[in-house]
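Undergrad: What follows is entry_20.csv, made up of CSV, C-alpha atoms and all ligand atoms:
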```csv
chain,number,residue,atom,x,y,z
A,1,MET,CA,15.4,55.7,60.4
A,2,ASP,CA,17.9,53.2,59.0
A,3,VAL,CA,20.2,51.1,61.2
A,4,ILE,CA,23.4,53.1,60.4
A,5,GLN,CA,21.7,56.3,61.5
A,6,ALA,CA,20.5,54.8,64.7
A,7,VAL,CA,23.9,53.3,65.5
A,8,ASN,CA,25.7,56.6,64.8
A,9,GLN,CA,23.3,58.9,66.6
A,10,ARG,CA,22.9,56.8,69.8
A,11,ILE,CA,25.0,58.2,72.6
A,12,SER,CA,24.7,57.8,76.4
A,13,THR,CA,22.2,60.5,77.1
A,14,ARG,CA,22.5,62.1,80.5
A,15,ALA,CA,19.8,64.8,80.5
A,16,TYR,CA,16.1,64.4,79.5
A,17,LEU,CA,13.0,66.5,78.8
A,18,ASP,CA,10.2,66.4,81.3
A,19,LYS,CA,8.0,64.4,78.8
A,20,PRO,CA,6.4,61.1,79.7
A,21,ILE,CA,6.6,57.8,78.0
A,22,THR,CA,3.3,55.8,78.3
A,23,GLU,CA,3.1,52.2,79.4
A,24,ALA,CA,1.7,51.3,76.0
A,25,GLU,CA,4.8,52.8,74.3
A,26,ALA,CA,7.1,51.1,76.8
A,27,ARG,CA,5.4,47.8,76.2
A,28,ASP,CA,5.5,48.2,72.4
A,29,TRP,CA,9.2,49.1,72.6
A,30,LEU,CA,10.0,46.1,74.7
A,31,ALA,CA,8.0,43.8,72.5
A,32,THR,CA,10.2,44.7,69.5
A,33,GLY,CA,13.4,44.5,71.6
A,34,GLN,CA,12.4,41.0,72.6
A,35,ARG,CA,13.3,40.0,69.0
A,36,SER,CA,17.0,40.2,70.1
A,37,PRO,CA,18.8,36.9,69.7
A,38,SER,CA,20.2,34.9,72.6
A,39,GLY,CA,22.1,31.6,72.6
A,40,GLY,CA,19.7,28.7,72.7
A,41,ASN,CA,16.9,31.3,72.5
A,42,LEU,CA,17.1,31.4,76.3
A,43,GLN,CA,16.0,35.0,76.5
A,44,PRO,CA,17.8,35.1,79.9
A,45,TRP,CA,16.7,38.6,80.8
A,46,ARG,CA,13.7,39.9,82.8
A,47,VAL,CA,12.8,43.6,82.7
A,48,ILE,CA,11.3,45.8,85.4
A,49,ALA,CA,10.1,49.1,83.9
A,50,LEU,CA,9.3,52.0,86.2
A,51,ALA,CA,7.8,55.4,85.8
A,52,GLY,CA,6.3,58.1,88.1
A,53,ASP,CA,6.0,57.2,91.8
A,54,ALA,CA,7.6,53.8,91.3
A,55,LYS,CA,10.7,55.4,89.7
A,56,THR,CA,10.8,58.1,92.4
A,57,ALA,CA,10.6,55.4,95.1
A,58,VAL,CA,13.6,53.5,93.7
A,59,ALA,CA,15.6,56.7,93.4
A,60,ASP,CA,14.8,57.7,97.0
A,61,MET,CA,15.8,54.2,98.2
A,62,ALA,CA,19.0,54.5,96.2
A,63,MET,CA,20.0,57.8,97.7
A,64,LYS,CA,19.6,56.4,101.2
A,65,ALA,CA,21.5,53.2,100.3
A,66,LEU,CA,24.3,55.3,98.8
A,67,MET,CA,24.6,57.5,101.9
A,68,ALA,CA,25.1,54.4,104.0
A,69,ASN,CA,27.5,52.9,101.5
A,70,PRO,CA,29.1,55.6,99.3
A,71,THR,CA,31.4,53.2,97.5
A,72,GLY,CA,28.7,50.7,96.9
A,73,GLU,CA,27.3,47.6,98.5
A,74,PRO,CA,29.1,44.2,98.3
A,75,THR,CA,28.7,42.3,95.1
A,76,ASP,CA,30.2,39.2,93.6
A,77,TYR,CA,30.0,40.9,90.2
A,78,PRO,CA,32.2,44.0,90.2
A,79,ILE,CA,31.6,46.5,87.4
A,80,TYR,CA,35.1,46.3,86.1
A,81,PRO,CA,37.9,43.7,86.4
A,82,GLU,CA,40.4,44.4,89.2
A,83,ASN,CA,43.5,46.3,88.2
A,84,LEU,CA,42.1,47.2,84.8
A,85,TRP,CA,44.9,47.3,82.2
A,86,ASN,CA,45.6,49.5,79.2
A,87,PRO,CA,44.3,50.5,76.8
A,88,HIS,CA,41.1,49.9,78.7
A,89,GLU,CA,42.0,51.8,81.9
A,90,GLU,CA,43.2,54.7,79.8
A,91,ARG,CA,39.9,54.8,77.9
A,92,ARG,CA,37.9,54.7,81.1
A,93,GLN,CA,39.9,57.6,82.5
A,94,THR,CA,39.6,59.6,79.2
A,95,ILE,CA,35.8,59.4,79.0
A,96,GLY,CA,35.5,60.4,82.6
A,97,ARG,CA,37.8,63.4,82.1
A,98,GLN,CA,35.9,64.4,78.9
A,99,MET,CA,32.6,64.2,80.6
A,100,PHE,CA,33.6,66.4,83.5
A,101,GLU,CA,35.2,68.9,81.0
A,102,THR,CA,31.9,68.9,79.0
A,103,LEU,CA,30.0,69.6,82.3
A,104,GLY,CA,32.5,72.3,83.3
A,105,ILE,CA,33.3,70.6,86.6
A,106,PRO,CA,36.9,70.9,87.6
A,107,LYS,CA,38.9,67.8,88.6
A,108,GLU,CA,39.5,69.1,92.2
A,109,ASP,CA,35.8,69.8,92.8
A,110,LYS,CA,35.0,66.4,94.4
A,111,GLY,CA,31.6,67.6,95.7
A,112,ALA,CA,30.4,68.6,92.3
A,113,ARG,CA,31.7,65.4,90.8
A,114,MET,CA,29.9,63.3,93.5
A,115,ALA,CA,26.7,65.4,93.0
A,116,TRP,CA,26.8,64.7,89.3
A,117,PHE,CA,27.4,61.0,89.8
A,118,ALA,CA,24.3,60.9,92.1
A,119,ASN,CA,22.3,61.9,89.0
A,120,ASN,CA,22.8,58.3,87.8
A,121,PHE,CA,20.6,57.2,90.7
A,122,ARG,CA,17.8,59.5,89.6
A,123,PHE,CA,18.1,58.0,86.1
A,124,PHE,CA,19.2,61.5,85.0
A,125,ASP,CA,15.5,62.5,85.4
A,126,ALA,CA,14.5,60.3,82.5
A,127,PRO,CA,10.8,59.4,82.5
A,128,LEU,CA,11.3,55.7,82.1
A,129,ALA,CA,13.6,53.6,84.2
A,130,VAL,CA,14.4,50.1,83.2
A,131,PHE,CA,16.2,47.4,85.2
A,132,ILE,CA,17.6,44.3,83.5
A,133,ILE,CA,17.3,41.3,85.9
A,134,LEU,CA,19.4,38.2,85.5
A,135,ASP,CA,19.3,34.9,87.3
A,136,LYS,CA,22.6,34.4,89.1
A,137,ARG,CA,22.8,30.9,87.8
A,138,MET,CA,23.2,32.3,84.3
A,139,GLY,CA,26.8,32.3,82.9
A,140,HIS,CA,29.0,34.7,81.0
A,141,GLY,CA,27.2,33.9,77.7
A,142,GLN,CA,23.8,35.0,79.0
A,143,TRP,CA,25.3,38.2,80.4
A,144,ALA,CA,26.7,38.9,76.9
A,145,HIS,CA,23.3,38.1,75.3
A,146,SER,CA,21.6,40.5,77.7
A,147,GLY,CA,24.0,43.1,76.4
A,148,MET,CA,22.7,42.6,72.9
A,149,PHE,CA,19.2,43.0,74.2
A,150,LEU,CA,20.1,46.3,75.8
A,151,GLN,CA,21.7,47.6,72.6
A,152,THR,CA,18.6,46.6,70.6
A,153,LEU,CA,16.5,48.5,73.0
A,154,ALA,CA,18.8,51.5,72.7
A,155,LEU,CA,18.6,51.5,68.9
A,156,LEU,CA,14.8,51.1,69.0
A,157,ALA,CA,14.7,54.0,71.4
A,158,GLU,CA,16.5,56.2,68.8
A,159,GLU,CA,13.9,55.3,66.2
A,160,ARG,CA,11.2,56.5,68.5
A,161,GLY,CA,12.9,59.9,69.1
A,162,TRP,CA,13.9,58.7,72.5
A,163,ALA,CA,17.4,58.4,73.9
A,164,SER,CA,18.9,56.2,76.6
A,165,CYS,CA,21.8,55.7,79.0
A,166,MET,CA,22.8,52.2,80.0
A,167,GLN,CA,23.6,52.2,83.7
A,168,GLU,CA,25.8,49.6,85.3
A,169,CYS,CA,26.2,51.9,88.3
A,170,TRP,CA,23.1,50.2,89.7
A,171,GLY,CA,25.3,47.2,90.3
A,172,MET,CA,26.6,49.2,93.3
A,173,LEU,CA,23.3,48.7,95.0
A,174,ARG,CA,22.4,45.1,94.3
A,175,PRO,CA,21.3,44.0,97.8
A,176,SER,CA,19.1,47.0,98.3
A,177,LEU,CA,17.6,46.7,94.9
A,178,LYS,CA,16.9,43.0,95.4
A,179,ALA,CA,14.9,43.9,98.5
A,180,HIS,CA,13.2,46.9,97.0
A,181,LEU,CA,12.2,45.3,93.7
A,182,GLN,CA,11.3,42.0,95.5
A,183,LEU,CA,13.4,39.9,93.3
A,184,GLY,CA,13.4,36.1,93.4
A,185,GLU,CA,15.9,34.2,95.5
A,186,SER,CA,18.5,33.8,92.7
A,187,GLU,CA,17.7,37.0,90.8
A,188,MET,CA,19.9,40.1,90.7
A,189,VAL,CA,19.9,43.5,88.9
A,190,TRP,CA,22.5,43.4,86.2
A,191,CYS,CA,22.1,46.9,84.7
A,192,GLY,CA,19.8,49.8,84.6
A,193,MET,CA,18.7,52.0,81.7
A,194,ALA,CA,17.4,55.5,81.6
A,195,VAL,CA,15.1,56.2,78.7
A,196,GLY,CA,13.3,59.3,77.5
A,197,TYR,CA,13.3,62.3,75.2
A,198,PRO,CA,16.8,63.8,75.1
A,199,ASP,CA,17.4,67.4,76.2
A,200,LYS,CA,19.4,68.5,73.2
A,201,ASP,CA,20.4,71.8,74.9
A,202,ALA,CA,22.1,70.1,77.8
A,203,ALA,CA,25.9,70.4,77.5
A,204,VAL,CA,26.4,66.9,78.8
A,205,ASN,CA,24.6,65.5,75.8
A,206,THR,CA,27.1,67.1,73.4
A,207,LEU,CA,29.8,64.6,74.4
A,208,ARG,CA,30.8,62.3,71.6
A,209,SER,CA,32.9,59.5,72.9
A,210,GLU,CA,36.0,58.3,71.0
A,211,ARG,CA,36.5,54.9,69.6
A,212,ALA,CA,39.6,52.9,68.6
A,213,THR,CA,40.0,52.6,64.8
A,214,VAL,CA,39.3,49.4,62.9
A,215,ASP,CA,43.1,48.8,62.6
A,216,GLU,CA,43.4,48.9,66.3
A,217,PHE,CA,40.9,46.3,67.1
A,218,ALA,CA,40.5,44.1,64.0
A,219,SER,CA,42.8,42.0,61.8
A,220,PHE,CA,42.0,40.7,58.4
A,221,ALA,CA,43.2,37.7,56.3
A,222,GLY,CA,42.3,35.9,53.1
A,223,PHE,CA,40.6,38.7,51.3
A,224,GLN,CA,40.9,38.6,47.5
A,225,ASP,CA,40.4,42.3,46.8
A,301,LIG,C1,26.5,48.2,80.0
A,301,LIG,C2,26.8,49.6,80.1
A,301,LIG,C3,26.7,50.2,81.3
A,301,LIG,C4,26.9,51.6,81.5
A,301,LIG,N1,26.8,52.2,82.7
A,301,LIG,C5,26.9,53.6,82.8
A,301,LIG,C6,26.5,54.2,84.0
A,301,LIG,O1,26.3,53.6,85.0
A,301,LIG,N2,26.6,55.6,84.1
A,301,LIG,C7,26.9,56.3,83.0
A,301,LIG,O2,26.9,57.6,83.0
A,301,LIG,N3,27.2,55.7,81.8
A,301,LIG,C8,27.2,54.4,81.7
A,301,LIG,N4,27.5,53.7,80.5
A,301,LIG,C9,27.9,54.6,79.3
A,301,LIG,C10,29.3,54.4,78.9
A,301,LIG,O3,30.1,55.2,79.6
A,301,LIG,C11,29.3,54.8,77.4
A,301,LIG,O4,28.6,53.8,76.7
A,301,LIG,C12,30.7,54.9,76.8
A,301,LIG,O5,31.5,55.9,77.4
A,301,LIG,C13,30.6,55.2,75.3
A,301,LIG,O6,29.9,56.4,75.1
A,301,LIG,P1,28.5,56.5,74.3
A,301,LIG,O7,27.6,55.5,74.9
A,301,LIG,O8,28.1,57.9,74.4
A,301,LIG,O9,28.8,56.1,72.8
A,301,LIG,C14,27.3,52.4,80.4
A,301,LIG,C15,27.5,51.7,79.1
A,301,LIG,C16,27.2,50.4,79.0
A,301,LIG,C17,27.3,49.7,77.7
```
Can you turn what I pasted into structure tokens?
TA:
Amino acid sequence: MDVIQAVNQRISTRAYLDKPITEAEARDWLATGQRSPSGGNLQPWRVIALAGDAKTAVADMAMKALMANPTGEPTDYPIYPENLWNPHEERRQTIGRQMFETLGIPKEDKGARMAWFANNFRFFDAPLAVFIILDKRMGHGQWAHSGMFLQTLALLAEERGWASCMQECWGMLRPSLKAHLQLGESEMVWCGMAVGYPDKDAAVNTLRSERATVDEFASFAGFQD
């Protein structure tokens, strides 16, 4: 698979086949992903990879934590900036609307929307659950570099015939995750990632998200051609 194919075919995959990924495969995948660059070669991330009972245990914990705090636990690192502005807010709303349309869940069916959202906290039943852990003392640069790591993992997953969904929703449960995963004093979960073989028949996986055109986000100067 070439890079352009991996980039184009990767989508956030939200339904998976019941087909395991072995620890050896996960280790090999992470070892290649570790070639991701980071400023100063800090490699600021730490990874916790879970499967089987360990994955089920974190999902069970998450359901309980969500019941107690349906809008999420307190965090100093909110998922989006406050009062998100356009065009970003509009894009966020559009992808949400498109996802529920793809799923056939009407806007007014709050129960079904909530139930769908809860799927996040079961990693959409993917066989491999990954948490990216950061030290709170790291700054915005290291967060960005960890994003590059995540994208590298997502592209490498494509090459293996796997699919993935990055999951910042796990940021809603940072205190509970910190306790459950026995993180160090200054560590926190930044993001989760569901990984597995995609269920190509699932309607939700047919959603192809939109992007702004090059003219909308880039400007050019000084070219001779
Ligand atoms: C860091 C990060 C975190 C994300 N968190 C979630 C999440 O918690 N749940 C979810 O369903 N999608 C999540 N997404 C998926 C985005 O909604 C998705 O990337 C975006 O809509 C573009 O669609 P695509 O990934 O299919 O190209 C996340 C994406 C990124 C990059």
Undergrad: Output as CSV one row per residue of chain A within 10 Å of ligand LIG 301 (chain A): the closest atom pair and its distance in Å to one decimal place, counting only C-alpha atoms and all ligand atoms, sorted by chain and residue number ascending.
TA:
```
residue,atom,partner,partner_atom,distance
A:Val7,CA,A:LIG301,O9,9.2
A:Asn8,CA,A:LIG301,O9,8.6
A:Gln9,CA,A:LIG301,O9,8.7
A:Arg10,CA,A:LIG301,O9,6.7
A:Ile11,CA,A:LIG301,O8,3.6
A:Ser12,CA,A:LIG301,O8,3.9
A:Thr13,CA,A:LIG301,O8,7.0
A:Arg14,CA,A:LIG301,O2,6.8
A:Ile79,CA,A:LIG301,C3,8.7
A:Arg91,CA,A:LIG301,O5,8.5
A:Arg92,CA,A:LIG301,O5,7.5
A:Gln93,CA,A:LIG301,O5,10.0
A:Thr94,CA,A:LIG301,O5,9.1
A:Ile95,CA,A:LIG301,O5,5.8
A:Gly96,CA,A:LIG301,O5,8.0
A:Gln98,CA,A:LIG301,O5,9.7
A:Met99,CA,A:LIG301,O5,9.0
A:Trp116,CA,A:LIG301,O2,9.5
A:Phe117,CA,A:LIG301,O2,7.6
A:Ala118,CA,A:LIG301,N2,9.9
A:Asn119,CA,A:LIG301,O2,8.7
A:Asn120,CA,A:LIG301,N2,6.0
A:Phe121,CA,A:LIG301,O1,8.8
A:Phe123,CA,A:LIG301,N2,9.1
A:Phe124,CA,A:LIG301,O2,8.9
A:Ala144,CA,A:LIG301,C1,9.8
A:Ser146,CA,A:LIG301,C1,9.4
A:Gly147,CA,A:LIG301,C1,6.7
A:Met148,CA,A:LIG301,C17,9.7
A:Leu150,CA,A:LIG301,C1,7.9
A:Gln151,CA,A:LIG301,C17,7.9
A:Ala154,CA,A:LIG301,O7,9.9
A:Ser164,CA,A:LIG301,O7,8.9
A:Cys165,CA,A:LIG301,N3,6.1
A:Met166,CA,A:LIG301,C4,4.4
A:Gln167,CA,A:LIG301,O1,3.3
A:Glu168,CA,A:LIG301,N1,3.8
A:Cys169,CA,A:LIG301,O1,3.7
A:Trp170,CA,A:LIG301,O1,6.6
A:Gly171,CA,A:LIG301,O1,8.4
A:Met172,CA,A:LIG301,O1,9.4
A:Trp190,CA,A:LIG301,C1,8.8
A:Cys191,CA,A:LIG301,C1,6.6
A:Gly192,CA,A:LIG301,O1,7.5
A:Met193,CA,A:LIG301,N1,8.2
A:Ala194,CA,A:LIG301,C6,9.5
A:Asn205,CA,A:LIG301,O8,8.5
A:Thr206,CA,A:LIG301,O8,9.3
A:Leu207,CA,A:LIG301,O8,6.9
A:Arg208,CA,A:LIG301,O8,5.9
A:Ser209,CA,A:LIG301,O6,4.8
A:Glu210,CA,A:LIG301,C13,7.6
A:Arg211,CA,A:LIG301,C13,8.2
```
Undergrad: One number please: CA of Gly139 (chain A) to CA of Met61 (chain A), in Å, one decimal.
TA: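 According to the coordinates, CA of Gly139 (chain A) and CA of Met61 (chain A) are separated by 28.9 Å.
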Undergrad: Report as a tab-separated table the residues of region 45-94 of chain A within 9 Å of region 15-23 of chain A, each with its shortest atom pair and distance in Å (one decimal), using only C-alpha atoms, ordered by chain and increasing residue number.
TA:
```
residue	atom	partner	partner_atom	distance
A:Ala49	CA	A:Glu23	CA	8.9
A:Ala51	CA	A:Ile21	CA	8.2
A:Gly52	CA	A:Pro20	CA	8.9
```
Undergrad: Using all atoms listed in the file for the distances, tell me which of A:Met67, A:Val214, A:Val47, A:Ala54 is nearest to Gly33 (chain A).
TA: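 Checking each of A:Met67, A:Val214, A:Val47, A:Ala54 against Gly33 (chain A), counting all atoms listed in the file, the winner is A:Val47.
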Undergrad: Quick one, how far is CA of Ala212 (chain A) from CA of His88 (chain A)?
TA: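 Computing it gives 10.6 Å between the two atoms.
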Undergrad: Tell me which of A:Phe149, A:Tyr197, A:Tyr77, A:Phe100 sits closest to Ala126 (chain A), counting all atoms listed in the file.
TA: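 Under the stated criterion, the closest residue is A:Tyr197.
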Undergrad: Quote the spacing between CA of Gly161 (chain A) and CA of Gly196 (chain A) in Å to one decimal place.
TA: 8.4 Å
Undergrad: Taking into account only C-alpha atoms, which residue in the set A:Arg174, A:Arg122, A:Lys110, A:Lys136 is nearest to Leu50 (chain A)?
TA: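 Ranking A:Arg174, A:Arg122, A:Lys110, A:Lys136 by distance to Leu50 (chain A), first place goes to A:Arg122.
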Undergrad: With all atoms listed in the file as the counted atoms, please give the residues lying no more than 8 Å from Ala62 (chain A), apart from itself and same-chain residues fewer than 3 positions off, as a PyMOL selection string.
TA: chain A and resi 58-59+65-66+121+173+176
Undergrad: With C-alpha atoms kept, could you save the residues just selected as a compact mmCIF listing (two decimals), in the coordinates of the input?
TA:
```
# COMPACT_ATOMS: atom_id res chain seq x y z
CA VAL A 58 13.60 53.50 93.70
CA ALA A 59 15.60 56.70 93.40
CA ALA A 65 21.50 53.20 100.30
CA LEU A 66 24.30 55.30 98.80
CA PHE A 121 20.60 57.20 90.70
CA LEU A 173 23.30 48.70 95.00
CA SER A 176 19.10 47.00 98.30
```
Undergrad: Do a neighbour search on Leu42 (chain A) at 12 Å with only C-alpha atoms, toss out local chain neighbours closer than 4 positions, and write the hits as a list in words.
TA: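 Near neighbours after the sequence-gap exclusion: Gln34, Arg35, Ser36, Pro37, Ser38, Arg46, Leu134, Asp135, Met138, Gly139, Gly141, Gln142, Trp143, His145, Ser146 and Phe149 of chain A.
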Undergrad: Find the axis-aligned box for region 204-217 of chain A, covering all its listed atoms and adding 8 Å on each side, and write its centre and edge lengths in Å to one decimal as lines of an AutoDock Vina configuration file.
TA:
```
center_x = 34.0
center_y = 56.7
center_z = 70.7
size_x = 34.8
size_y = 36.8
size_z = 32.2
```
